[in-house]
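Novice: Just so it is clear, I am handing over target-v2.cif, which has mmCIF, C-alpha atoms.
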```cif
data_protein
loop_
_atom_site.label_atom_id
_atom_site.label_comp_id
_atom_site.auth_asym_id
_atom_site.auth_seq_id
_atom_site.Cartn_x
_atom_site.Cartn_y
_atom_site.Cartn_z
CA MET X 10 -118.86 -51.72 -37.94
CA GLU X 11 -117.41 -52.38 -41.42
CA LYS X 12 -119.87 -49.91 -42.93
CA TRP X 13 -118.95 -47.28 -40.33
CA ASN X 14 -115.22 -47.72 -41.01
CA HIS X 15 -115.78 -47.48 -44.76
CA THR X 16 -117.78 -44.27 -44.41
CA VAL X 17 -115.22 -42.59 -42.15
CA LEU X 18 -112.27 -43.65 -44.29
CA SER X 19 -113.58 -42.36 -47.57
CA LYS X 20 -110.79 -39.82 -47.10
CA PHE X 21 -107.67 -39.16 -45.04
CA ILE X 22 -106.38 -35.96 -43.46
CA LEU X 23 -102.73 -35.13 -44.11
CA MET X 24 -100.58 -33.23 -41.65
CA SER X 25 -98.77 -30.03 -42.59
CA ILE X 26 -95.01 -29.67 -42.46
CA THR X 27 -95.36 -26.96 -39.84
CA ASP X 28 -98.07 -26.07 -37.32
CA HIS X 29 -96.92 -22.46 -37.03
CA PRO X 30 -99.24 -20.14 -39.04
CA ASP X 31 -96.53 -17.51 -39.53
CA LEU X 32 -94.32 -20.08 -41.30
CA GLN X 33 -96.97 -21.30 -43.76
CA ALA X 34 -96.42 -18.55 -46.36
CA PRO X 35 -92.57 -18.64 -46.29
CA PHE X 36 -92.57 -22.45 -46.51
CA PHE X 37 -95.08 -22.36 -49.36
CA GLY X 38 -92.86 -19.95 -51.30
CA LEU X 39 -89.71 -21.95 -50.57
CA PHE X 40 -91.13 -25.34 -51.55
CA LEU X 41 -92.88 -23.90 -54.59
CA ILE X 42 -89.52 -22.60 -55.84
CA ILE X 43 -87.89 -25.97 -55.09
CA TYR X 44 -90.63 -27.92 -56.88
CA VAL X 45 -90.74 -25.64 -59.95
CA THR X 46 -86.93 -25.76 -60.17
CA SER X 47 -87.08 -29.56 -59.93
CA VAL X 48 -89.72 -29.84 -62.68
CA MET X 49 -87.89 -27.46 -65.00
CA GLY X 50 -84.51 -29.09 -64.37
CA ASN X 51 -85.70 -32.66 -64.90
CA LEU X 52 -87.90 -31.81 -67.89
CA GLY X 53 -84.97 -29.90 -69.38
CA MET X 54 -82.66 -32.89 -68.84
CA ILE X 55 -85.20 -35.25 -70.47
CA MET X 56 -85.62 -32.97 -73.50
CA LEU X 57 -81.91 -32.26 -73.83
CA THR X 58 -80.79 -35.91 -73.69
CA GLN X 59 -83.60 -36.88 -76.08
CA MET X 60 -83.05 -34.17 -78.71
CA ASP X 61 -79.30 -33.54 -78.78
CA THR X 62 -77.45 -36.01 -81.01
CA SER X 63 -74.21 -35.78 -79.01
CA LEU X 64 -75.99 -37.06 -75.89
CA GLN X 65 -77.26 -40.31 -77.43
CA THR X 66 -75.00 -42.50 -75.31
CA PRO X 67 -75.83 -45.09 -72.61
CA MET X 68 -74.77 -42.69 -69.84
CA TYR X 69 -77.31 -40.06 -70.91
CA PHE X 70 -79.92 -42.72 -71.64
CA PHE X 71 -79.83 -43.67 -67.94
CA LEU X 72 -79.66 -40.01 -66.95
CA ARG X 73 -82.86 -39.37 -68.93
CA HIS X 74 -84.64 -42.15 -67.03
CA LEU X 75 -83.28 -40.83 -63.74
CA ALA X 76 -84.73 -37.41 -64.58
CA PHE X 77 -88.08 -39.01 -65.47
CA ILE X 78 -88.13 -40.86 -62.13
CA ASP X 79 -87.18 -37.72 -60.17
CA LEU X 80 -89.94 -35.84 -61.93
CA GLY X 81 -92.35 -38.68 -61.14
CA TYR X 82 -91.91 -39.00 -57.39
CA SER X 83 -91.53 -35.27 -56.74
CA THR X 84 -94.80 -34.71 -58.62
CA ALA X 85 -96.49 -37.55 -56.72
CA VAL X 86 -95.82 -35.63 -53.49
CA GLY X 87 -95.05 -31.98 -54.27
CA PRO X 88 -98.36 -30.50 -55.53
CA LYS X 89 -100.41 -32.08 -52.74
CA MET X 90 -97.90 -30.89 -50.16
CA LEU X 91 -98.13 -27.33 -51.50
CA VAL X 92 -101.92 -27.44 -51.18
CA ASN X 93 -101.34 -28.17 -47.49
CA PHE X 94 -100.09 -24.62 -46.98
CA VAL X 95 -103.16 -22.87 -48.39
CA VAL X 96 -106.08 -24.90 -46.97
CA ASN X 97 -107.26 -25.26 -43.38
CA GLN X 98 -107.68 -29.04 -43.53
CA ASN X 99 -105.84 -30.93 -46.22
CA THR X 100 -107.80 -34.05 -47.14
CA ILE X 101 -107.03 -36.72 -49.70
CA PRO X 102 -109.61 -39.27 -50.96
CA TYR X 103 -109.06 -42.90 -49.98
CA ASN X 104 -108.35 -44.02 -53.57
CA TRP X 105 -106.05 -41.07 -54.25
CA CYS X 106 -104.06 -41.91 -51.14
CA ALA X 107 -103.56 -45.48 -52.39
CA THR X 108 -102.57 -44.13 -55.83
CA GLN X 109 -100.09 -41.67 -54.34
CA LEU X 110 -98.50 -44.42 -52.25
CA ALA X 111 -98.28 -46.78 -55.24
CA PHE X 112 -96.64 -44.20 -57.51
CA PHE X 113 -94.26 -43.02 -54.80
CA ILE X 114 -93.01 -46.56 -54.05
CA PHE X 115 -92.71 -47.31 -57.77
CA PHE X 116 -90.56 -44.25 -58.50
CA ILE X 117 -88.35 -44.38 -55.40
CA ILE X 118 -87.46 -48.08 -55.87
CA SER X 119 -86.88 -47.50 -59.59
CA GLU X 120 -84.41 -44.74 -58.76
CA LEU X 121 -82.32 -47.07 -56.60
CA PHE X 122 -81.85 -49.60 -59.39
CA VAL X 123 -81.42 -47.07 -62.19
CA LEU X 124 -78.55 -45.64 -60.11
CA SER X 125 -77.19 -49.22 -59.93
CA ALA X 126 -77.48 -49.53 -63.71
CA MET X 127 -75.58 -46.25 -64.06
CA ALA X 128 -72.81 -47.68 -61.86
CA CYS X 129 -72.58 -50.73 -64.16
CA ASP X 130 -72.43 -48.40 -67.16
CA ARG X 131 -69.52 -46.46 -65.61
CA TYR X 132 -67.74 -49.75 -64.84
CA VAL X 133 -67.91 -50.88 -68.46
CA ALA X 134 -66.93 -47.41 -69.77
CA ILE X 135 -63.83 -47.18 -67.56
CA CYS X 136 -62.74 -50.83 -67.24
CA ASN X 137 -63.60 -52.02 -70.78
CA PRO X 138 -63.66 -48.89 -72.98
CA LEU X 139 -62.98 -50.79 -76.22
CA LEU X 140 -66.00 -53.04 -75.67
CA TYR X 141 -68.23 -50.26 -74.29
CA THR X 142 -70.46 -49.72 -77.34
CA LEU X 143 -70.76 -53.48 -77.87
CA VAL X 144 -71.59 -54.37 -74.25
CA MET X 145 -73.82 -51.37 -73.52
CA SER X 146 -76.00 -51.74 -76.59
CA GLN X 147 -79.43 -50.14 -76.79
CA LYS X 148 -81.06 -53.50 -76.05
CA VAL X 149 -78.94 -54.00 -72.91
CA CYS X 150 -79.71 -50.45 -71.74
CA TRP X 151 -83.46 -51.04 -72.10
CA VAL X 152 -83.20 -54.32 -70.19
CA LEU X 153 -81.32 -52.54 -67.38
CA VAL X 154 -84.19 -50.07 -66.94
CA ALA X 155 -87.08 -52.43 -67.76
CA ILE X 156 -86.17 -54.88 -64.96
CA PRO X 157 -86.15 -52.14 -62.25
CA TYR X 158 -89.47 -50.78 -63.55
CA PHE X 159 -91.08 -54.23 -63.44
CA TYR X 160 -89.65 -55.03 -59.99
CA SER X 161 -90.70 -51.62 -58.63
CA ALA X 162 -94.23 -51.94 -60.03
CA SER X 163 -94.59 -55.39 -58.46
CA LEU X 164 -93.30 -54.23 -55.08
CA SER X 165 -95.48 -51.12 -55.22
CA LEU X 166 -98.64 -53.14 -55.89
CA ILE X 167 -97.88 -55.73 -53.19
CA THR X 168 -97.24 -53.09 -50.51
CA THR X 169 -100.17 -50.85 -51.46
CA ILE X 170 -102.68 -53.71 -51.71
CA LYS X 171 -101.49 -55.24 -48.42
CA ILE X 172 -101.96 -51.93 -46.62
CA PHE X 173 -105.30 -50.98 -48.14
CA ILE X 174 -106.97 -54.36 -47.68
CA SER X 175 -106.23 -54.12 -43.95
CA SER X 176 -108.87 -52.97 -41.45
CA PHE X 177 -108.48 -49.28 -40.64
CA CYS X 178 -109.74 -47.69 -37.44
CA GLY X 179 -112.01 -44.65 -37.43
CA TYR X 180 -109.08 -42.27 -36.90
CA ASN X 181 -108.06 -40.97 -40.34
CA VAL X 182 -105.30 -38.41 -39.68
CA ILE X 183 -102.04 -39.47 -41.34
CA SER X 184 -99.01 -38.26 -39.40
CA HIS X 185 -97.25 -37.18 -42.57
CA PHE X 186 -97.65 -34.67 -45.40
CA TYR X 187 -98.25 -37.43 -47.97
CA CYS X 188 -99.49 -41.03 -47.99
CA ASP X 189 -96.51 -43.16 -47.02
CA SER X 190 -96.49 -46.77 -45.87
CA LEU X 191 -95.14 -46.25 -42.35
CA PRO X 192 -97.62 -43.55 -41.20
CA LEU X 193 -100.50 -45.55 -42.70
CA LEU X 194 -99.53 -48.57 -40.60
CA THR X 195 -100.38 -46.64 -37.42
CA LEU X 196 -104.00 -46.28 -38.60
CA ILE X 197 -104.57 -50.02 -39.06
CA CYS X 198 -106.63 -51.74 -36.36
CA SER X 199 -105.65 -55.29 -37.27
CA SER X 200 -102.16 -56.68 -36.72
CA THR X 201 -99.56 -54.79 -38.76
CA ARG X 202 -96.76 -57.29 -38.18
CA GLU X 203 -97.03 -58.89 -41.63
CA VAL X 204 -97.25 -55.58 -43.50
CA GLU X 205 -94.46 -54.06 -41.41
CA LEU X 206 -92.21 -57.03 -42.18
CA ILE X 207 -92.99 -56.69 -45.89
CA VAL X 208 -92.05 -53.00 -45.84
CA LEU X 209 -88.91 -53.60 -43.77
CA ILE X 210 -87.70 -56.65 -45.75
CA PHE X 211 -88.38 -55.19 -49.21
CA SER X 212 -86.91 -51.80 -48.22
CA ALA X 213 -83.75 -53.42 -46.82
CA LEU X 214 -83.49 -55.81 -49.79
CA SER X 215 -83.86 -53.01 -52.35
CA LEU X 216 -81.47 -50.65 -50.57
CA VAL X 217 -78.80 -53.26 -49.80
CA SER X 218 -78.89 -55.03 -53.18
CA SER X 219 -78.77 -51.78 -55.17
CA LEU X 220 -76.00 -50.44 -52.95
CA LEU X 221 -74.07 -53.72 -53.27
CA ILE X 222 -74.14 -53.47 -57.07
CA ILE X 223 -72.87 -49.89 -56.84
CA PHE X 224 -70.20 -50.82 -54.27
CA VAL X 225 -68.82 -53.73 -56.32
CA SER X 226 -68.86 -51.62 -59.51
CA TYR X 227 -66.89 -48.83 -57.87
CA ILE X 228 -64.38 -51.17 -56.26
CA LEU X 229 -63.61 -52.51 -59.74
CA ILE X 230 -63.56 -48.96 -61.13
CA LEU X 231 -61.15 -47.84 -58.40
CA VAL X 232 -58.80 -50.74 -59.16
CA ALA X 233 -58.88 -49.84 -62.86
CA ILE X 234 -58.24 -46.15 -62.15
CA LEU X 235 -55.25 -46.89 -59.91
CA ARG X 236 -53.74 -48.96 -62.73
CA MET X 237 -53.96 -46.04 -65.18
CA ASN X 238 -50.62 -44.49 -66.14
CA SER X 239 -52.08 -41.17 -67.20
CA ALA X 240 -52.86 -38.63 -64.47
CA GLU X 241 -55.29 -36.93 -66.85
CA GLY X 242 -57.08 -40.24 -67.40
CA ARG X 243 -57.39 -40.83 -63.66
CA HIS X 244 -58.74 -37.31 -63.12
CA LYS X 245 -61.29 -37.72 -65.92
CA ALA X 246 -62.44 -41.08 -64.53
CA PHE X 247 -62.82 -39.70 -60.98
CA PHE X 248 -64.69 -36.68 -62.33
CA THR X 249 -67.06 -38.88 -64.36
CA CYS X 250 -67.95 -40.94 -61.28
CA GLY X 251 -68.10 -38.06 -58.81
CA SER X 252 -71.58 -36.83 -59.76
CA HIS X 253 -73.06 -40.32 -59.60
CA LEU X 254 -71.49 -41.08 -56.21
CA THR X 255 -72.82 -37.80 -54.78
CA VAL X 256 -76.40 -38.70 -55.77
CA VAL X 257 -76.00 -42.28 -54.46
CA VAL X 258 -74.77 -41.13 -51.05
CA LEU X 259 -77.50 -38.50 -50.67
CA LEU X 260 -80.35 -40.84 -51.59
CA HIS X 261 -79.24 -44.06 -49.90
CA SER X 262 -78.29 -42.45 -46.59
CA THR X 263 -81.68 -40.71 -46.38
CA LEU X 264 -83.66 -43.83 -47.28
CA PHE X 265 -81.72 -46.03 -44.83
CA PHE X 266 -82.59 -43.54 -42.11
CA MET X 267 -86.27 -43.55 -43.10
CA TYR X 268 -87.17 -47.17 -43.84
CA VAL X 269 -84.68 -49.62 -42.40
CA GLN X 270 -85.91 -49.31 -38.83
CA THR X 271 -88.97 -50.48 -36.93
CA LYS X 272 -92.20 -48.50 -36.78
CA SER X 273 -91.68 -47.66 -33.09
CA SER X 274 -88.37 -45.94 -33.87
CA HIS X 275 -89.99 -43.28 -36.06
CA SER X 276 -91.03 -39.77 -35.13
CA PHE X 277 -92.99 -37.43 -37.39
CA GLU X 278 -90.66 -34.48 -36.85
CA THR X 279 -87.51 -36.30 -38.02
CA ASP X 280 -89.26 -38.30 -40.74
CA LYS X 281 -90.84 -35.26 -42.37
CA MET X 282 -87.47 -33.48 -42.64
CA ALA X 283 -85.89 -36.54 -44.24
CA SER X 284 -88.93 -36.93 -46.51
CA VAL X 285 -88.75 -33.31 -47.70
CA PHE X 286 -85.09 -33.88 -48.53
CA TYR X 287 -85.53 -36.96 -50.71
CA THR X 288 -88.92 -36.11 -52.25
CA LEU X 289 -88.18 -32.50 -53.24
CA VAL X 290 -84.59 -31.46 -52.60
CA ILE X 291 -82.80 -34.46 -54.18
CA PRO X 292 -84.91 -34.33 -57.41
CA MET X 293 -84.03 -30.63 -57.65
CA LEU X 294 -80.31 -31.25 -57.02
CA ASN X 295 -79.84 -34.20 -59.41
CA PRO X 296 -80.02 -32.21 -62.69
CA MET X 297 -77.66 -29.61 -61.18
CA ILE X 298 -75.20 -32.25 -59.97
CA TYR X 299 -75.08 -34.02 -63.34
CA SER X 300 -74.84 -30.84 -65.41
CA TRP X 301 -72.44 -28.91 -63.15
CA ARG X 302 -68.98 -28.84 -64.83
CA ASN X 303 -70.28 -31.34 -67.44
CA LYS X 304 -68.94 -30.09 -70.77
CA ASP X 305 -71.22 -32.30 -72.86
CA VAL X 306 -74.37 -30.98 -71.18
CA LYS X 307 -73.14 -27.38 -71.28
CA CYS X 308 -72.35 -27.63 -74.99
CA ALA X 309 -75.75 -29.22 -75.66
CA LEU X 310 -77.47 -26.42 -73.74
CA HIS X 311 -75.51 -23.84 -75.71
CA ARG X 312 -76.51 -25.43 -79.02
CA MET X 313 -80.14 -25.63 -77.96
CA TRP X 314 -80.12 -21.98 -76.90
CA LYS X 315 -78.58 -20.93 -80.25
CA ASN X 316 -81.23 -22.91 -82.15
CA LEU X 317 -84.01 -21.34 -80.08
CA CYS X 318 -82.61 -17.86 -80.77
CA LYS X 319 -82.43 -18.58 -84.51
CA PHE X 320 -85.98 -19.91 -84.48
CA SER X 321 -87.33 -16.86 -82.61
CA THR X 322 -85.69 -14.44 -85.04
#
```
Taking this structure as input, can you express it in the form of structure tokens?
Specialist:
Amino acid sequence: MEKWNHTVLSKFILMSITDHPDLQAPFFGLFLIIYVTSVMGNLGMIMLTQMDTSLQTPMYFFLRHLAFIDLGYSTAVGPKMLVNFVVNQNTIPYNWCATQLAFFIFFIISELFVLSAMACDRYVAICNPLLYTLVMSQKVCWVLVAIPYFYSASLSLITTIKIFISSFCGYNVISHFYCDSLPLLTLICSSTREVELIVLIFSALSLVSSLLIIFVSYILILVAILRMNSAEGRHKAFFTCGSHLTVVVLLHSTLFFMYVQTKSSHSFETDKMASVFYTLVIPMLNPMIYSWRNKDVKCALHRMWKNLCKFST
């Protein structure tokens, strides 16, 4: 029986986003544009914040890591999803499925806590501007991203190993367009209670703790803003935090909907729409949100464009 299961589950079959043949081509074109835009936007943000000397501040340090993470989890899912539209039966090898799941969990959890670190950065910048460069030193910034990366890697390995050491049944069709923990649980023959609790507890812990850090930071920021005498200062502070809050609300609300509920509460139709939003749409929107009406980024882009024009001539 073990041999039979192993032979059958040398690969999985992934579902497509749509079962309607006439929608395959339009969806392929749409999601290809979204993915390419996401890759270009996040790569551009990484290069810009790395190369431009005026963007060598803690805020853009975290923004660079956010762009790297967005690029990571959209690439973990996007290319394989696009293949779904051009093949009759989209299969993924057993080991690749485990790898995709591990990378996806790593990047999505990292994003939650990098957003928390960005909230802490905004708190120090607004509430303690004179101590900002001292408190948010390069060493502190690296610690604030290294801890989330380590925690995310640990959580990713625990979840992936727990799922893939379980006994799978012969049925190998994953009710999703990528290898995610919740759809994989439905394919396990043995009891999934332990794995389901791990996913639920760690998801809730990560979401709630990261959101709590952001909430406390912004309460303190709001108090500091209300104490400001200058209307221009208040407007600048609100504007600085607006982009970050937009990204936080979009990501956290979608992830709460997806993961902080029991397995029986899920349906493929609703989950796949939410998944498309946070795996492809949010990574595409983030560079736009952070660069829209951002004078520093616009000036850096202008300088880079001028340098490229000089180099080409």
Novice: Residues at most 9 Å from Arg131 (chain X), counting only C-alpha atoms, excluding those fewer than 5 positions away in the same chain, as a list in words?
Specialist: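 Contacts, in chain order: Met68, Ala126, Cys136, Ser226, Tyr227, Ile230, Ala246, Thr249 and Cys250 of chain X.
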Novice: Could you check which of X:Pro88, X:Gly179, X:Pro30, X:Gly81 is closest to Tyr44 (chain X), using only C-alpha atoms?
Specialist: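 Closest residue, counting only C-alpha atoms: X:Pro88.
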Novice: Between CA of Ala111 (chain X) and CA of Ser125 (chain X), what is the spacing in Å?
Specialist: 21.7 Å
Novice: Which one of X:Ile197, X:Ile291, X:Ile101, X:Val149 sits closest to Ile78 (chain X) if you count all atoms listed in the file?
Specialist: X:Ile291
Novice: Just the number, please: distance in Å from CA of Thr142 (chain X) to CA of Arg73 (chain X), one decimal.
Specialist: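 For CA of Thr142 (chain X) relative to CA of Arg73 (chain X), the distance reads 18.2 Å.
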Novice: Taking only C-alpha atoms into account, name the residue in X:Met282, X:Leu220, X:Leu41, X:Leu206 that is nearest to Gly87 (chain X).
Specialist: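 Of X:Met282, X:Leu220, X:Leu41, X:Leu206, the one nearest Gly87 (chain X) is X:Leu41, counting only C-alpha atoms.
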Novice: Translate the PyMOL selection byres ((chain X and resi 176) around 10) into a concrete residue list for this structure, as a PyMOL selection string.
Specialist: chain X and resi 11+14-15+172-175+177-179+196-201
Novice: With a cut-off of 9 Å, could you pull out the residues of region 178-264 of chain X touching region 155-170 of chain X and give me the nearest pair of atoms for each, distance in Å to one decimal, using all atoms listed in the file, ordered by chain and ascending number, as JSON lines?
Specialist:
```
{"residue": "X:Ser190", "atom": "CA", "partner": "X:Thr169", "partner_atom": "CA", "distance": 7.8}
{"residue": "X:Val204", "atom": "CA", "partner": "X:Thr168", "partner_atom": "CA", "distance": 7.4}
{"residue": "X:Ile207", "atom": "CA", "partner": "X:Thr168", "partner_atom": "CA", "distance": 7.2}
{"residue": "X:Val208", "atom": "CA", "partner": "X:Thr168", "partner_atom": "CA", "distance": 7.0}
{"residue": "X:Phe211", "atom": "CA", "partner": "X:Leu164", "partner_atom": "CA", "distance": 7.7}
```
Novice: Hey, can you check how far CA of Val45 (chain X) sits from CA of Leu191 (chain X)?
Specialist: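 Separating CA of Val45 (chain X) from CA of Leu191 (chain X) is a distance of 27.5 Å.
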Novice: For Phe112 (chain X), which residue out of X:Ile135, X:Ile210, X:Leu294, X:Val86 is the nearest one, using all atoms listed in the file?
Specialist: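 Distance minimum relative to Phe112 (chain X) lands on X:Val86.
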Novice: Applying the PyMOL selection byres ((chain X and resi 182) around 7) to the file I just gave you, which residues come out? Please list them as a ChimeraX atom specification.
Specialist: /X:21-23,180-181,183-184
Novice: Evaluating the PyMOL selection byres ((chain X and resi 55-60) around 12) on the displayed file yields which residues, as a ChimeraX atom specification?
Specialist: /X:48-54,61-80,296,299-300,305-314,316
Novice: Taking only N, CA, C and O atoms, show region 187-207 of chain X of the given structure as a PDB file, in the first residue's frame.
Specialist:
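Produced file out-v3.pdb, reproduced below:
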```pdb
ATOM      1  N   TYR X 187      -2.129  26.405  -6.985  1.00  0.00           N
ATOM      2  CA  TYR X 187      -0.756  26.205  -6.518  1.00  0.00           C
ATOM      3  C   TYR X 187      -0.800  25.350  -5.258  1.00  0.00           C
ATOM      4  O   TYR X 187      -1.872  25.093  -4.696  1.00  0.00           O
ATOM      5  N   CYS X 188       0.360  24.900  -4.811  1.00  0.00           N
ATOM      6  CA  CYS X 188       0.431  24.026  -3.635  1.00  0.00           C
ATOM      7  C   CYS X 188       0.345  24.872  -2.368  1.00  0.00           C
ATOM      8  O   CYS X 188       1.320  25.519  -1.974  1.00  0.00           O
ATOM      9  N   ASP X 189      -0.814  24.853  -1.745  1.00  0.00           N
ATOM     10  CA  ASP X 189      -1.040  25.576  -0.497  1.00  0.00           C
ATOM     11  C   ASP X 189      -1.379  24.570   0.590  1.00  0.00           C
ATOM     12  O   ASP X 189      -1.830  23.459   0.305  1.00  0.00           O
ATOM     13  N   SER X 190      -1.186  24.966   1.828  1.00  0.00           N
ATOM     14  CA  SER X 190      -1.347  24.030   2.944  1.00  0.00           C
ATOM     15  C   SER X 190      -2.777  23.508   3.084  1.00  0.00           C
ATOM     16  O   SER X 190      -2.988  22.301   3.259  1.00  0.00           O
ATOM     17  N   LEU X 191      -3.759  24.393   2.986  1.00  0.00           N
ATOM     18  CA  LEU X 191      -5.150  23.980   3.217  1.00  0.00           C
ATOM     19  C   LEU X 191      -5.676  22.991   2.172  1.00  0.00           C
ATOM     20  O   LEU X 191      -6.270  21.970   2.540  1.00  0.00           O
ATOM     21  N   PRO X 192      -5.478  23.217   0.869  1.00  0.00           N
ATOM     22  CA  PRO X 192      -5.916  22.214  -0.111  1.00  0.00           C
ATOM     23  C   PRO X 192      -5.178  20.881   0.021  1.00  0.00           C
ATOM     24  O   PRO X 192      -5.762  19.818  -0.221  1.00  0.00           O
ATOM     25  N   LEU X 193      -3.915  20.926   0.424  1.00  0.00           N
ATOM     26  CA  LEU X 193      -3.145  19.685   0.592  1.00  0.00           C
ATOM     27  C   LEU X 193      -3.689  18.845   1.751  1.00  0.00           C
ATOM     28  O   LEU X 193      -3.609  17.613   1.721  1.00  0.00           O
ATOM     29  N   LEU X 194      -4.236  19.506   2.764  1.00  0.00           N
ATOM     30  CA  LEU X 194      -4.781  18.774   3.909  1.00  0.00           C
ATOM     31  C   LEU X 194      -5.923  17.844   3.505  1.00  0.00           C
ATOM     32  O   LEU X 194      -6.128  16.792   4.120  1.00  0.00           O
ATOM     33  N   THR X 195      -6.675  18.218   2.481  1.00  0.00           N
ATOM     34  CA  THR X 195      -7.813  17.395   2.045  1.00  0.00           C
ATOM     35  C   THR X 195      -7.364  16.106   1.367  1.00  0.00           C
ATOM     36  O   THR X 195      -8.172  15.190   1.183  1.00  0.00           O
ATOM     37  N   LEU X 196      -6.090  16.020   0.988  1.00  0.00           N
ATOM     38  CA  LEU X 196      -5.575  14.826   0.307  1.00  0.00           C
ATOM     39  C   LEU X 196      -4.935  13.833   1.274  1.00  0.00           C
ATOM     40  O   LEU X 196      -4.522  12.748   0.863  1.00  0.00           O
ATOM     41  N   ILE X 197      -4.840  14.206   2.545  1.00  0.00           N
ATOM     42  CA  ILE X 197      -4.181  13.352   3.534  1.00  0.00           C
ATOM     43  C   ILE X 197      -5.171  12.326   4.079  1.00  0.00           C
ATOM     44  O   ILE X 197      -6.288  12.668   4.475  1.00  0.00           O
ATOM     45  N   CYS X 198      -4.744  11.061   4.080  1.00  0.00           N
ATOM     46  CA  CYS X 198      -5.608   9.984   4.584  1.00  0.00           C
ATOM     47  C   CYS X 198      -5.612   9.923   6.109  1.00  0.00           C
ATOM     48  O   CYS X 198      -6.634   9.630   6.723  1.00  0.00           O
ATOM     49  N   SER X 199      -4.462  10.143   6.704  1.00  0.00           N
ATOM     50  CA  SER X 199      -4.367  10.097   8.163  1.00  0.00           C
ATOM     51  C   SER X 199      -5.030  11.333   8.770  1.00  0.00           C
ATOM     52  O   SER X 199      -5.430  12.255   8.056  1.00  0.00           O
ATOM     53  N   SER X 200      -5.124  11.370  10.080  1.00  0.00           N
ATOM     54  CA  SER X 200      -5.773  12.484  10.767  1.00  0.00           C
ATOM     55  C   SER X 200      -5.029  13.795  10.486  1.00  0.00           C
ATOM     56  O   SER X 200      -3.800  13.863  10.591  1.00  0.00           O
ATOM     57  N   THR X 201      -5.778  14.806  10.120  1.00  0.00           N
ATOM     58  CA  THR X 201      -5.175  16.108   9.808  1.00  0.00           C
ATOM     59  C   THR X 201      -5.325  17.101  10.962  1.00  0.00           C
ATOM     60  O   THR X 201      -4.979  18.270  10.806  1.00  0.00           O
ATOM     61  N   ARG X 202      -5.857  16.638  12.078  1.00  0.00           N
ATOM     62  CA  ARG X 202      -6.142  17.545  13.195  1.00  0.00           C
ATOM     63  C   ARG X 202      -4.886  18.278  13.663  1.00  0.00           C
ATOM     64  O   ARG X 202      -4.908  19.503  13.862  1.00  0.00           O
ATOM     65  N   GLU X 203      -3.787  17.547  13.823  1.00  0.00           N
ATOM     66  CA  GLU X 203      -2.557  18.164  14.317  1.00  0.00           C
ATOM     67  C   GLU X 203      -2.023  19.192  13.328  1.00  0.00           C
ATOM     68  O   GLU X 203      -1.670  20.317  13.713  1.00  0.00           O
ATOM     69  N   VAL X 204      -1.974  18.818  12.044  1.00  0.00           N
ATOM     70  CA  VAL X 204      -1.447  19.728  11.025  1.00  0.00           C
ATOM     71  C   VAL X 204      -2.364  20.942  10.873  1.00  0.00           C
ATOM     72  O   VAL X 204      -1.904  22.081  10.734  1.00  0.00           O
ATOM     73  N   GLU X 205      -3.666  20.701  10.914  1.00  0.00           N
ATOM     74  CA  GLU X 205      -4.630  21.794  10.785  1.00  0.00           C
ATOM     75  C   GLU X 205      -4.501  22.776  11.946  1.00  0.00           C
ATOM     76  O   GLU X 205      -4.570  24.000  11.743  1.00  0.00           O
ATOM     77  N   LEU X 206      -4.281  22.265  13.145  1.00  0.00           N
ATOM     78  CA  LEU X 206      -4.075  23.136  14.310  1.00  0.00           C
ATOM     79  C   LEU X 206      -2.793  23.950  14.166  1.00  0.00           C
ATOM     80  O   LEU X 206      -2.752  25.135  14.530  1.00  0.00           O
ATOM     81  N   ILE X 207      -1.744  23.303  13.645  1.00  0.00           N
ATOM     82  CA  ILE X 207      -0.472  24.013  13.433  1.00  0.00           C
ATOM     83  C   ILE X 207      -0.670  25.181  12.466  1.00  0.00           C
ATOM     84  O   ILE X 207      -0.237  26.310  12.723  1.00  0.00           O
TER      85      ILE X 207
END
```
